[in-house]
file structure22.pdb (PDB, C-alpha atoms)
ATOM      1  CA  MET M   1      50.845 186.684  66.110
ATOM      2  CA  PHE M   2      54.406 186.886  64.835
ATOM      3  CA  ASP M   3      56.725 189.273  66.629
ATOM      4  CA  THR M   4      57.228 191.850  63.896
ATOM      5  CA  GLU M   5      58.219 194.947  65.854
ATOM      6  CA  LYS M   6      61.850 194.869  64.693
ATOM      7  CA  TYR M   7      60.729 194.537  61.068
ATOM      8  CA  SER M   8      58.517 197.601  61.301
ATOM      9  CA  LYS M   9      61.549 199.666  62.336
ATOM     10  CA  ASN M  10      63.827 198.400  59.566
ATOM     11  CA  GLU M  11      63.534 200.342  56.313
ATOM     12  CA  LEU M  12      64.374 197.221  54.306
ATOM     13  CA  THR M  13      61.406 195.347  55.704
ATOM     14  CA  ASN M  14      58.773 197.836  56.794
ATOM     15  CA  GLY M  15      55.722 198.894  54.839
ATOM     16  CA  TYR M  16      56.513 202.585  54.461
ATOM     17  CA  LYS M  17      57.660 204.669  51.523
ATOM     18  CA  ASN M  18      60.607 207.031  51.879
ATOM     19  CA  ASP M  19      58.192 209.898  52.578
ATOM     20  CA  GLY M  20      56.711 207.975  55.515
ATOM     21  CA  THR M  21      53.385 207.135  53.882
ATOM     22  CA  LYS M  22      52.158 203.571  53.901
ATOM     23  CA  LEU M  23      52.631 201.239  50.927
ATOM     24  CA  LYS M  24      49.299 199.958  49.661
ATOM     25  CA  VAL M  25      48.991 196.224  49.074
ATOM     26  CA  LEU M  26      46.311 194.160  47.340
ATOM     27  CA  ILE M  27      46.237 190.552  48.592
ATOM     28  CA  VAL M  28      44.940 187.962  46.133
ATOM     29  CA  ASP M  29      44.348 184.454  47.468
ATOM     30  CA  ASP M  30      41.490 181.980  47.467
ATOM     31  CA  SER M  31      42.259 181.135  51.098
ATOM     32  CA  MET M  32      40.641 183.316  53.732
ATOM     33  CA  ALA M  33      43.239 182.065  56.223
ATOM     34  CA  GLN M  34      46.145 183.048  54.022
ATOM     35  CA  ILE M  35      44.686 186.507  53.398
ATOM     36  CA  ARG M  36      44.207 186.980  57.114
ATOM     37  CA  LEU M  37      47.706 185.792  58.027
ATOM     38  CA  LEU M  38      49.474 187.822  55.368
ATOM     39  CA  GLY M  39      47.258 190.839  55.980
ATOM     40  CA  GLN M  40      47.922 190.920  59.704
ATOM     41  CA  MET M  41      51.636 190.480  59.215
ATOM     42  CA  LEU M  42      51.861 193.256  56.613
ATOM     43  CA  LYS M  43      49.715 195.637  58.655
ATOM     44  CA  SER M  44      51.935 195.076  61.670
ATOM     45  CA  VAL M  45      54.978 196.356  59.760
ATOM     46  CA  GLY M  46      53.208 199.371  58.302
ATOM     47  CA  TYR M  47      51.487 198.351  55.061
ATOM     48  CA  GLU M  48      47.985 199.526  54.275
ATOM     49  CA  ILE M  49      45.782 196.652  53.094
ATOM     50  CA  ALA M  50      44.154 198.369  50.138
ATOM     51  CA  GLY M  51      42.027 195.349  49.297
ATOM     52  CA  GLU M  52      41.583 191.599  49.199
ATOM     53  CA  ALA M  53      40.492 189.429  46.290
ATOM     54  CA  TYR M  54      39.602 185.752  46.377
ATOM     55  CA  ASP M  55      39.948 185.077  42.665
ATOM     56  CA  GLY M  56      41.620 186.336  39.519
ATOM     57  CA  GLY M  57      38.644 188.215  38.143
ATOM     58  CA  ASN M  58      38.242 190.285  41.279
ATOM     59  CA  ALA M  59      42.000 190.797  41.443
ATOM     60  CA  LEU M  60      41.937 192.665  38.142
ATOM     61  CA  ILE M  61      38.912 194.726  39.165
ATOM     62  CA  GLY M  62      40.556 195.453  42.518
ATOM     63  CA  TYR M  63      43.793 196.485  40.852
ATOM     64  CA  LYS M  64      42.052 198.940  38.541
ATOM     65  CA  GLN M  65      40.068 200.478  41.391
ATOM     66  CA  LEU M  66      42.709 200.584  44.093
ATOM     67  CA  SER M  67      46.002 201.165  42.239
ATOM     68  CA  PRO M  68      48.042 199.378  44.902
ATOM     69  CA  ASP M  69      51.806 199.786  45.195
ATOM     70  CA  VAL M  70      52.183 196.022  45.258
ATOM     71  CA  VAL M  71      50.070 192.901  44.775
ATOM     72  CA  THR M  72      50.616 189.548  46.490
ATOM     73  CA  MET M  73      49.224 186.805  44.264
ATOM     74  CA  ASP M  74      48.530 183.169  45.046
ATOM     75  CA  ILE M  75      49.396 180.908  42.107
ATOM     76  CA  THR M  76      46.841 178.139  42.457
ATOM     77  CA  MET M  77      43.317 179.513  42.478
ATOM     78  CA  PRO M  78      40.042 178.220  41.117
ATOM     79  CA  GLY M  79      39.128 179.611  37.710
ATOM     80  CA  MET M  80      41.836 181.925  36.453
ATOM     81  CA  GLU M  81      45.200 180.893  37.902
ATOM     82  CA  GLY M  82      47.854 183.286  39.155
ATOM     83  CA  ASP M  83      49.981 183.416  36.010
ATOM     84  CA  GLU M  84      46.996 184.339  33.886
ATOM     85  CA  VAL M  85      46.010 187.077  36.347
ATOM     86  CA  VAL M  86      49.571 188.427  36.243
ATOM     87  CA  LYS M  87      49.372 188.661  32.449
ATOM     88  CA  ASN M  88      46.048 190.488  32.637
ATOM     89  CA  ILE M  89      47.245 192.985  35.222
ATOM     90  CA  ILE M  90      50.522 193.608  33.374
ATOM     91  CA  GLN M  91      48.546 194.121  30.167
ATOM     92  CA  TYR M  92      46.547 196.804  31.967
ATOM     93  CA  ASP M  93      49.562 198.323  33.740
ATOM     94  CA  SER M  94      53.017 197.327  32.543
ATOM     95  CA  GLN M  95      54.521 198.879  35.703
ATOM     96  CA  ALA M  96      52.443 196.727  38.075
ATOM     97  CA  ARG M  97      54.420 195.206  40.923
ATOM     98  CA  ILE M  98      53.290 191.703  41.659
ATOM     99  CA  VAL M  99      54.816 189.146  44.009
ATOM    100  CA  MET M 100      53.725 185.527  43.768
ATOM    101  CA  VAL M 101      52.876 183.561  46.908
ATOM    102  CA  THR M 102      53.503 179.868  46.511
ATOM    103  CA  SER M 103      54.215 176.604  48.199
ATOM    104  CA  LEU M 104      56.585 175.944  45.275
ATOM    105  CA  ALA M 105      54.412 173.214  43.812
ATOM    106  CA  ASP M 106      55.458 174.128  40.336
ATOM    107  CA  LYS M 107      58.755 175.894  39.748
ATOM    108  CA  GLY M 108      58.009 176.099  36.039
ATOM    109  CA  HIS M 109      54.823 177.938  36.847
ATOM    110  CA  ILE M 110      56.703 180.468  38.973
ATOM    111  CA  ILE M 111      59.111 181.066  36.114
ATOM    112  CA  ASP M 112      56.108 181.629  33.838
ATOM    113  CA  CYS M 113      54.822 184.237  36.282
ATOM    114  CA  ILE M 114      58.202 185.992  36.450
ATOM    115  CA  ASN M 115      58.402 185.937  32.655
ATOM    116  CA  SER M 116      54.931 187.462  32.571
ATOM    117  CA  GLY M 117      56.085 190.336  34.729
ATOM    118  CA  ALA M 118      55.916 189.271  38.387
ATOM    119  CA  LYS M 119      58.753 190.787  40.425
ATOM    120  CA  GLY M 120      59.452 187.815  42.661
ATOM    121  CA  TYR M 121      57.924 185.196  44.877
ATOM    122  CA  ILE M 122      57.477 184.440  48.549
ATOM    123  CA  LEU M 123      57.082 181.033  50.078
ATOM    124  CA  LYS M 124      54.290 179.418  52.046
ATOM    125  CA  PRO M 125      54.000 178.538  54.852
ATOM    126  CA  ILE M 126      54.828 181.911  56.311
ATOM    127  CA  ILE M 127      56.748 181.021  59.435
ATOM    128  CA  SER M 128      58.872 183.083  61.806
ATOM    129  CA  SER M 129      62.184 182.106  60.234
ATOM    130  CA  GLN M 130      61.057 183.289  56.808
ATOM    131  CA  ILE M 131      59.424 186.599  57.691
ATOM    132  CA  TYR M 132      62.573 188.617  57.062
ATOM    133  CA  ASN M 133      63.055 187.254  53.540
ATOM    134  CA  THR M 134      59.357 187.591  52.820
ATOM    135  CA  LEU M 135      59.277 191.239  53.839
ATOM    136  CA  ILE M 136      62.479 192.120  51.997
ATOM    137  CA  THR M 137      61.140 190.579  48.783
ATOM    138  CA  LEU M 138      57.896 192.474  49.125
ATOM    139  CA  LYS M 139      59.504 195.804  49.959
ATOM    140  CA  LYS M 140      61.913 195.552  47.015
ATOM    141  CA  ALA M 141      59.028 194.805  44.692
ATOM    142  CA  ALA M 142      56.814 197.524  46.128
ATOM    143  CA  THR M 143      59.419 200.259  45.884
ATOM    144  CA  GLY M 144      61.055 199.101  42.641
ATOM    145  CA  ASP M 145      64.458 198.737  44.313
TER
ATOM    146  CA  MET X   1      51.901 152.033  44.594
ATOM    147  CA  ASP X   2      55.400 152.840  43.357
ATOM    148  CA  LYS X   3      57.621 153.183  46.426
ATOM    149  CA  LYS X   4      59.580 156.133  45.045
ATOM    150  CA  LEU X   5      56.347 158.125  45.030
ATOM    151  CA  LEU X   6      55.911 157.549  48.740
ATOM    152  CA  VAL X   7      59.096 159.127  50.137
ATOM    153  CA  PRO X   8      58.350 162.700  48.936
ATOM    154  CA  PHE X   9      55.012 162.610  50.725
ATOM    155  CA  ILE X  10      56.527 161.367  53.989
ATOM    156  CA  ASN X  11      59.265 164.003  53.823
ATOM    157  CA  ALA X  12      56.846 166.778  52.868
ATOM    158  CA  GLY X  13      54.497 165.861  55.722
ATOM    159  CA  SER X  14      57.339 165.821  58.236
ATOM    160  CA  GLU X  15      58.793 169.124  57.032
ATOM    161  CA  VAL X  16      55.571 171.092  56.886
ATOM    162  CA  ILE X  17      54.233 169.874  60.225
ATOM    163  CA  TYR X  18      57.603 170.700  61.803
ATOM    164  CA  GLU X  19      57.701 174.182  60.268
ATOM    165  CA  LEU X  20      54.211 174.957  61.478
ATOM    166  CA  SER X  21      54.240 173.371  64.914
ATOM    167  CA  ASN X  22      57.955 173.771  65.677
ATOM    168  CA  LYS X  23      58.049 170.145  66.784
ATOM    169  CA  LYS X  24      59.173 167.274  64.590
ATOM    170  CA  PRO X  25      56.359 164.813  63.959
ATOM    171  CA  ARG X  26      57.062 161.103  64.008
ATOM    172  CA  PRO X  27      55.968 159.430  60.779
ATOM    173  CA  GLY X  28      54.569 155.972  61.473
ATOM    174  CA  LYS X  29      54.706 152.957  59.257
ATOM    175  CA  ALA X  30      52.865 153.394  55.982
ATOM    176  CA  SER X  31      50.279 150.726  55.324
ATOM    177  CA  ILE X  32      47.949 149.807  52.528
ATOM    178  CA  ILE X  33      44.325 149.740  53.452
ATOM    179  CA  GLY X  34      41.247 148.778  51.492
ATOM    180  CA  LYS X  35      39.221 151.100  49.346
ATOM    181  CA  LYS X  36      37.381 152.439  52.358
ATOM    182  CA  THR X  37      38.324 153.740  55.788
ATOM    183  CA  ASP X  38      36.689 155.725  58.577
ATOM    184  CA  SER X  39      37.704 159.369  58.898
ATOM    185  CA  LEU X  40      38.646 161.191  62.078
ATOM    186  CA  GLY X  41      36.016 163.785  61.192
ATOM    187  CA  ILE X  42      37.580 166.275  58.782
ATOM    188  CA  VAL X  43      39.252 165.485  55.476
ATOM    189  CA  ILE X  44      41.134 167.749  53.096
ATOM    190  CA  ILE X  45      41.116 166.382  49.562
ATOM    191  CA  ILE X  46      43.604 167.615  46.989
ATOM    192  CA  GLY X  47      43.767 166.268  43.460
ATOM    193  CA  ILE X  48      46.958 165.570  41.532
ATOM    194  CA  THR X  49      47.071 165.771  37.761
ATOM    195  CA  GLY X  50      49.833 165.230  35.241
ATOM    196  CA  ASP X  51      52.207 162.282  34.935
ATOM    197  CA  ILE X  52      50.531 160.724  37.931
ATOM    198  CA  SER X  53      46.953 161.258  38.947
ATOM    199  CA  GLY X  54      45.002 160.671  42.080
ATOM    200  CA  ARG X  55      44.275 162.209  45.425
ATOM    201  CA  ILE X  56      46.007 163.258  48.589
ATOM    202  CA  ILE X  57      43.703 163.169  51.590
ATOM    203  CA  VAL X  58      44.661 164.614  54.962
ATOM    204  CA  ASP X  59      42.502 163.177  57.708
ATOM    205  CA  LEU X  60      42.294 164.834  61.111
ATOM    206  CA  SER X  61      39.858 165.359  63.971
ATOM    207  CA  PRO X  62      37.938 168.612  64.550
ATOM    208  CA  ASN X  63      40.025 169.233  67.654
ATOM    209  CA  GLN X  64      43.272 168.771  65.739
ATOM    210  CA  ALA X  65      41.978 170.982  62.946
ATOM    211  CA  HIS X  66      41.272 173.720  65.484
ATOM    212  CA  LYS X  67      44.745 173.474  67.025
ATOM    213  CA  PHE X  68      46.471 173.360  63.652
ATOM    214  CA  SER X  69      44.539 176.428  62.571
ATOM    215  CA  GLU X  70      45.772 178.330  65.596
ATOM    216  CA  VAL X  71      49.415 177.549  64.843
ATOM    217  CA  ILE X  72      48.976 178.339  61.150
ATOM    218  CA  LEU X  73      47.330 181.682  61.850
ATOM    219  CA  GLN X  74      49.404 182.465  64.939
ATOM    220  CA  GLU X  75      46.354 183.478  66.932
ATOM    221  CA  GLU X  76      43.567 182.055  69.067
ATOM    222  CA  ILE X  77      40.509 181.026  67.090
ATOM    223  CA  GLU X  78      37.033 180.282  68.411
ATOM    224  CA  LYS X  79      36.245 176.562  68.091
ATOM    225  CA  ASP X  80      33.010 177.294  66.284
ATOM    226  CA  ASN X  81      34.644 179.544  63.675
ATOM    227  CA  MET X  82      34.558 176.666  61.203
ATOM    228  CA  GLU X  83      34.884 178.850  58.121
ATOM    229  CA  LEU X  84      38.266 180.118  59.262
ATOM    230  CA  ILE X  85      39.381 176.727  60.601
ATOM    231  CA  GLU X  86      38.492 175.029  57.330
ATOM    232  CA  SER X  87      40.293 177.689  55.354
ATOM    233  CA  ALA X  88      43.410 177.310  57.515
ATOM    234  CA  ILE X  89      43.575 173.535  57.317
ATOM    235  CA  GLY X  90      42.838 173.694  53.592
ATOM    236  CA  GLU X  91      45.921 175.837  53.323
ATOM    237  CA  PHE X  92      47.815 173.311  55.428
ATOM    238  CA  GLY X  93      46.803 170.572  52.988
ATOM    239  CA  ASN X  94      47.758 172.782  50.087
ATOM    240  CA  ILE X  95      51.207 173.527  51.447
ATOM    241  CA  LEU X  96      51.896 169.916  52.359
ATOM    242  CA  SER X  97      50.775 168.676  48.933
ATOM    243  CA  GLY X  98      52.661 171.459  47.199
ATOM    244  CA  ARG X  99      55.852 170.484  48.983
ATOM    245  CA  ALA X 100      55.428 166.824  47.999
ATOM    246  CA  ILE X 101      54.677 167.711  44.395
ATOM    247  CA  THR X 102      57.735 169.967  44.285
ATOM    248  CA  LYS X 103      59.881 167.030  45.324
ATOM    249  CA  LEU X 104      58.292 164.805  42.696
ATOM    250  CA  ASN X 105      58.709 167.454  40.014
ATOM    251  CA  GLU X 106      62.378 167.680  40.960
ATOM    252  CA  MET X 107      62.537 163.939  40.268
ATOM    253  CA  GLY X 108      61.359 164.624  36.722
ATOM    254  CA  TYR X 109      57.599 164.385  37.006
ATOM    255  CA  HIS X 110      55.274 167.067  35.717
ATOM    256  CA  LEU X 111      52.468 167.442  38.201
ATOM    257  CA  ARG X 112      49.885 170.000  39.222
ATOM    258  CA  LEU X 113      47.490 170.280  42.138
ATOM    259  CA  THR X 114      43.839 171.181  42.330
ATOM    260  CA  PRO X 115      42.536 173.532  45.042
ATOM    261  CA  PRO X 116      41.540 171.711  48.254
ATOM    262  CA  THR X 117      38.084 170.410  49.020
ATOM    263  CA  ILE X 118      37.151 169.982  52.669
ATOM    264  CA  LEU X 119      34.554 167.591  54.004
ATOM    265  CA  LYS X 120      33.485 167.059  57.581
ATOM    266  CA  GLY X 121      31.096 164.787  59.395
ATOM    267  CA  ASN X 122      30.715 162.539  62.424
ATOM    268  CA  GLU X 123      30.613 159.318  60.459
ATOM    269  CA  LEU X 124      32.616 160.311  57.433
ATOM    270  CA  GLU X 125      34.172 157.536  55.373
ATOM    271  CA  ILE X 126      37.044 157.907  52.928
ATOM    272  CA  TYR X 127      36.382 155.815  49.872
ATOM    273  CA  ASP X 128      38.316 155.306  46.674
ATOM    274  CA  GLN X 129      36.500 153.795  43.771
ATOM    275  CA  PHE X 130      39.515 152.643  41.813
ATOM    276  CA  SER X 131      42.341 151.561  44.054
ATOM    277  CA  ARG X 132      43.456 150.757  47.543
ATOM    278  CA  MET X 133      44.805 153.625  49.589
ATOM    279  CA  LEU X 134      48.114 153.988  51.278
ATOM    280  CA  VAL X 135      48.019 155.572  54.718
ATOM    281  CA  ILE X 136      50.901 157.382  56.380
ATOM    282  CA  PRO X 137      50.327 158.282  60.047
ATOM    283  CA  PHE X 138      52.119 161.267  61.579
ATOM    284  CA  LEU X 139      52.335 161.568  65.332
ATOM    285  CA  THR X 140      52.156 165.312  66.014
ATOM    286  CA  ILE X 141      51.882 167.411  69.148
ATOM    287  CA  PHE X 142      48.152 167.430  68.421
ATOM    288  CA  GLY X 143      47.864 163.652  68.187
ATOM    289  CA  GLU X 144      47.977 161.342  65.208
ATOM    290  CA  ILE X 145      46.904 162.635  61.806
ATOM    291  CA  PHE X 146      46.778 160.616  58.623
ATOM    292  CA  LEU X 147      47.849 161.173  55.052
ATOM    293  CA  ASN X 148      45.911 158.954  52.657
ATOM    294  CA  LEU X 149      47.322 158.538  49.188
ATOM    295  CA  SER X 150      45.701 157.118  46.137
ATOM    296  CA  VAL X 151      47.840 157.813  43.080
ATOM    297  CA  LYS X 152      48.754 156.022  39.883
ATOM    298  CA  HIS X 153      50.748 156.732  36.758
ATOM    299  CA  SER X 154      48.599 158.436  34.147
ATOM    300  CA  ASN X 155      48.035 156.890  30.749
ATOM    301  CA  HIS X 156      49.117 159.431  28.161
TER
END

call {"tool": "encode", "arguments": {"input": "structure22.pdb", "output": "structure tokens"}}
result
Amino acid sequence: MFDTEKYSKNELTNGYKNDGTKLKVLIVDDSMAQIRLLGQMLKSVGYEIAGEAYDGGNALIGYKQLSPDVVTMDITMPGMEGDEVVKNIIQYDSQARIVMVTSLADKGHIIDCINSGAKGYILKPIISSQIYNTLITLKKAATGD
Amino acid sequence: MDKKLLVPFINAGSEVIYELSNKKPRPGKASIIGKKTDSLGIVIIIGITGDISGRIIVDLSPNQAHKFSEVILQEEIEKDNMELIESAIGEFGNILSGRAITKLNEMGYHLRLTPPTILKGNELEIYDQFSRMLVIPFLTIFGEIFLNLSVKHSNH
């Protein structure tokens, strides 16, 4: 697994709130591998994995039930795609904090997601050299900074 | 196949394999094959829609799929955990295709991808009903893997 110890000790990149409690994240992706990779990385820096959803419909249900601090959302999924799910979640909670996860296949689509209310995006593949940027983006979104 | 469509796929394949394996792959010479070719055992099929349409097929052996999965997930995986291996290499195909499509979109195309489909089998054949396929080999630290392309400009 990635060496994430230094990131768990850095307040810009770790998964803790100012009061020391864990930030709750909902991971939405149709790929079991991606959920596992992202989940393990986020847990290792302090996040609590509140839930996982493999499609847009379950993402909305999961959001309503779990009230996560932040959602990571794949863009390309079967059925309802990421931008549509963002709209639905934002319609339910205008303060929702959602970060798109993408391989940048469609920049226009990312812009659509941001316009719909997503707070940012992180890039796939998640590799060592990008962990810092990934975690900073997520922490900023999760804490509203 | 239009040559300018080819370069983004070669570059995307090289970049993504390098990022994942930390070792630059060596792209081999692209060649056009017939409508049918034997697979190494596992294929990832990703559809392209938009200004061009067709398929990207990544062809690799079960052993390569296992090793790629381990580098993607950064952990050891049991060889018989096919569900996880298939999910990981599907993601690999997704990322590679996404990178290529990004490059094409930057050239002015408007393209989208479909989620990956994975097929496996001992005597699997890759077959395209409509056109000949172009094959790009990549020599990786896990042996040679193949990118099969079958794309054409869409009629709008």

call {"tool": "residues_around", "arguments": {"input": "structure22.pdb", "residues": "range 69-83 of chain X", "least_positions_apart": "2", "cutoff": "12 Å", "atoms": "all atoms listed in the file", "output": "ChimeraX atom specification"}}
result
/M:1-3,31-41,124-128 /X:16-23,42,60,62-67,85-93,95,118-120,141-142

call {"tool": "write_last_selection", "arguments": {"input": "structure22.pdb", "atoms": "C-alpha atoms", "output": "PDB file, keeping the file's coordinate frame"}}
result
ATOM      1  CA  MET M   1      50.845 186.684  66.110  1.00  0.00           C
ATOM      2  CA  PHE M   2      54.406 186.886  64.835  1.00  0.00           C
ATOM      3  CA  ASP M   3      56.725 189.273  66.629  1.00  0.00           C
ATOM      4  CA  SER M  31      42.259 181.135  51.098  1.00  0.00           C
ATOM      5  CA  MET M  32      40.641 183.316  53.732  1.00  0.00           C
ATOM      6  CA  ALA M  33      43.239 182.065  56.223  1.00  0.00           C
ATOM      7  CA  GLN M  34      46.145 183.048  54.022  1.00  0.00           C
ATOM      8  CA  ILE M  35      44.686 186.507  53.398  1.00  0.00           C
ATOM      9  CA  ARG M  36      44.207 186.980  57.114  1.00  0.00           C
ATOM     10  CA  LEU M  37      47.706 185.792  58.027  1.00  0.00           C
ATOM     11  CA  LEU M  38      49.474 187.822  55.368  1.00  0.00           C
ATOM     12  CA  GLY M  39      47.258 190.839  55.980  1.00  0.00           C
ATOM     13  CA  GLN M  40      47.922 190.920  59.704  1.00  0.00           C
ATOM     14  CA  MET M  41      51.636 190.480  59.215  1.00  0.00           C
ATOM     15  CA  LYS M 124      54.290 179.418  52.046  1.00  0.00           C
ATOM     16  CA  PRO M 125      54.000 178.538  54.852  1.00  0.00           C
ATOM     17  CA  ILE M 126      54.828 181.911  56.311  1.00  0.00           C
ATOM     18  CA  ILE M 127      56.748 181.021  59.435  1.00  0.00           C
ATOM     19  CA  SER M 128      58.872 183.083  61.806  1.00  0.00           C
TER      20      SER M 128
ATOM     21  CA  VAL X  16      55.571 171.092  56.886  1.00  0.00           C
ATOM     22  CA  ILE X  17      54.233 169.874  60.225  1.00  0.00           C
ATOM     23  CA  TYR X  18      57.603 170.700  61.803  1.00  0.00           C
ATOM     24  CA  GLU X  19      57.701 174.182  60.268  1.00  0.00           C
ATOM     25  CA  LEU X  20      54.211 174.957  61.478  1.00  0.00           C
ATOM     26  CA  SER X  21      54.240 173.371  64.914  1.00  0.00           C
ATOM     27  CA  ASN X  22      57.955 173.771  65.677  1.00  0.00           C
ATOM     28  CA  LYS X  23      58.049 170.145  66.784  1.00  0.00           C
ATOM     29  CA  ILE X  42      37.580 166.275  58.782  1.00  0.00           C
ATOM     30  CA  LEU X  60      42.294 164.834  61.111  1.00  0.00           C
ATOM     31  CA  PRO X  62      37.938 168.612  64.550  1.00  0.00           C
ATOM     32  CA  ASN X  63      40.025 169.233  67.654  1.00  0.00           C
ATOM     33  CA  GLN X  64      43.272 168.771  65.739  1.00  0.00           C
ATOM     34  CA  ALA X  65      41.978 170.982  62.946  1.00  0.00           C
ATOM     35  CA  HIS X  66      41.272 173.720  65.484  1.00  0.00           C
ATOM     36  CA  LYS X  67      44.745 173.474  67.025  1.00  0.00           C
ATOM     37  CA  ILE X  85      39.381 176.727  60.601  1.00  0.00           C
ATOM     38  CA  GLU X  86      38.492 175.029  57.330  1.00  0.00           C
ATOM     39  CA  SER X  87      40.293 177.689  55.354  1.00  0.00           C
ATOM     40  CA  ALA X  88      43.410 177.310  57.515  1.00  0.00           C
ATOM     41  CA  ILE X  89      43.575 173.535  57.317  1.00  0.00           C
ATOM     42  CA  GLY X  90      42.838 173.694  53.592  1.00  0.00           C
ATOM     43  CA  GLU X  91      45.921 175.837  53.323  1.00  0.00           C
ATOM     44  CA  PHE X  92      47.815 173.311  55.428  1.00  0.00           C
ATOM     45  CA  GLY X  93      46.803 170.572  52.988  1.00  0.00           C
ATOM     46  CA  ILE X  95      51.207 173.527  51.447  1.00  0.00           C
ATOM     47  CA  ILE X 118      37.151 169.982  52.669  1.00  0.00           C
ATOM     48  CA  LEU X 119      34.554 167.591  54.004  1.00  0.00           C
ATOM     49  CA  LYS X 120      33.485 167.059  57.581  1.00  0.00           C
ATOM     50  CA  ILE X 141      51.882 167.411  69.148  1.00  0.00           C
ATOM     51  CA  PHE X 142      48.152 167.430  68.421  1.00  0.00           C
TER      52      PHE X 142
END

call {"tool": "residues_around", "arguments": {"input": "structure22.pdb", "residues": "Asp38 in chain X", "least_positions_apart": "4", "cutoff": "7 Å", "atoms": "all atoms listed in the file", "output": "PyMOL selection string"}}
result
chain X and resi 124-126

call {"tool": "atom_distance", "arguments": {"input": "structure22.pdb", "atom1": "CA of Asn105 in chain X", "atom2": "CA of Val7 in chain X"}}
result
13.1 Å

call {"tool": "residues_around", "arguments": {"input": "structure22.pdb", "residues": "Val70 in chain M", "least_positions_apart": "4", "cutoff": "8 Å", "atoms": "all atoms listed in the file", "output": "PyMOL selection string"}}
result
chain M and resi 23-26+96-99+138+141-142

call {"tool": "closest_residue", "arguments": {"input": "structure22.pdb", "among": "X:Met133, X:Leu113, X:Val58, X:Ile48", "to": "chain M", "atoms": "only C-alpha atoms"}}
result
X:Leu113

call {"tool": "residues_around", "arguments": {"input": "structure22.pdb", "residues": "Asp59 in chain X", "least_positions_apart": "5", "cutoff": "7 Å", "atoms": "all atoms listed in the file", "output": "PDB file with C-alpha atoms, in the frame of the given file"}}
result
ATOM      1  CA  SER X  39      37.704 159.369  58.898  1.00  0.00           C
ATOM      2  CA  LEU X  40      38.646 161.191  62.078  1.00  0.00           C
ATOM      3  CA  ILE X  42      37.580 166.275  58.782  1.00  0.00           C
ATOM      4  CA  VAL X  43      39.252 165.485  55.476  1.00  0.00           C
ATOM      5  CA  ILE X  44      41.134 167.749  53.096  1.00  0.00           C
ATOM      6  CA  ILE X 145      46.904 162.635  61.806  1.00  0.00           C
ATOM      7  CA  PHE X 146      46.778 160.616  58.623  1.00  0.00           C
ATOM      8  CA  LEU X 147      47.849 161.173  55.052  1.00  0.00           C
TER       9      LEU X 147
END

call {"tool": "closest_residue", "arguments": {"input": "structure22.pdb", "among": "M:Ile110, M:Leu123, M:Val86, M:Met77", "to": "chain X", "atoms": "all atoms listed in the file"}}
result
M:Met77

call {"tool": "resolve_selection", "arguments": {"input": "structure22.pdb", "expression": "the PyMOL selection byres ((chain X and resi 30) around 10)", "output": "ChimeraX atom specification"}}
result
/X:6,10,27-29,31-33,134-138,146-148

call {"tool": "residues_around", "arguments": {"input": "structure22.pdb", "residues": "Lys6 in chain M", "least_positions_apart": "2", "cutoff": "12 Å", "atoms": "all atoms listed in the file", "output": "count of residues only"}}
result
16

call {"tool": "resolve_selection", "arguments": {"input": "structure22.pdb", "expression": "the PyMOL selection byres ((chain M and resi 62-64) around 8)", "output": "mmCIF file with C-alpha atoms, in the coordinates of the input"}}
result
data_model
loop_
_atom_site.group_PDB
_atom_site.id
_atom_site.type_symbol
_atom_site.label_atom_id
_atom_site.label_comp_id
_atom_site.auth_asym_id
_atom_site.auth_seq_id
_atom_site.Cartn_x
_atom_site.Cartn_y
_atom_site.Cartn_z
ATOM 1 C CA LEU M 26 46.311 194.160 47.340
ATOM 2 C CA GLY M 51 42.027 195.349 49.297
ATOM 3 C CA GLU M 52 41.583 191.599 49.199
ATOM 4 C CA ALA M 53 40.492 189.429 46.290
ATOM 5 C CA ASN M 58 38.242 190.285 41.279
ATOM 6 C CA ALA M 59 42.000 190.797 41.443
ATOM 7 C CA LEU M 60 41.937 192.665 38.142
ATOM 8 C CA ILE M 61 38.912 194.726 39.165
ATOM 9 C CA GLN M 65 40.068 200.478 41.391
ATOM 10 C CA LEU M 66 42.709 200.584 44.093
ATOM 11 C CA SER M 67 46.002 201.165 42.239
ATOM 12 C CA PRO M 68 48.042 199.378 44.902
ATOM 13 C CA ILE M 89 47.245 192.985 35.222
#

call {"tool": "atom_distance", "arguments": {"input": "structure22.pdb", "atom1": "CA of Ile122 in chain M", "atom2": "CA of Leu5 in chain X"}}
result
26.6 Å

call {"tool": "atom_distance", "arguments": {"input": "structure22.pdb", "atom1": "CA of Asp19 in chain M", "atom2": "CA of Ile49 in chain M"}}
result
18.2 Å

call {"tool": "resolve_selection", "arguments": {"input": "structure22.pdb", "expression": "the PyMOL selection byres ((chain M and resi 85) around 10)", "output": "list in words"}}
result
Val28, Asp55, Gly56, Gly57, Asn58, Ala59, Leu60, Met73, Asp74, Ile75, Met80, Glu81, Gly82, Asp83, Glu84, Val86, Lys87, Asn88, Ile89, Ile90, Gln91, Cys113 and Ser116 of chain M

call {"tool": "closest_residue", "arguments": {"input": "structure22.pdb", "among": "X:Arg132, X:Lys152, X:Lys103, X:Lys4", "to": "chain M", "atoms": "all atoms listed in the file"}}
result
X:Lys103

call {"tool": "closest_residue", "arguments": {"input": "structure22.pdb", "among": "M:Gly20, M:Gly120, M:Pro78, M:Gly15", "to": "chain X", "atoms": "all atoms listed in the file"}}
result
M:Pro78

call {"tool": "closest_residue", "arguments": {"input": "structure22.pdb", "among": "M:Asp69, M:Asp29, M:Asp93, M:Asp112", "to": "chain X", "atoms": "all atoms listed in the file"}}
result
M:Asp29
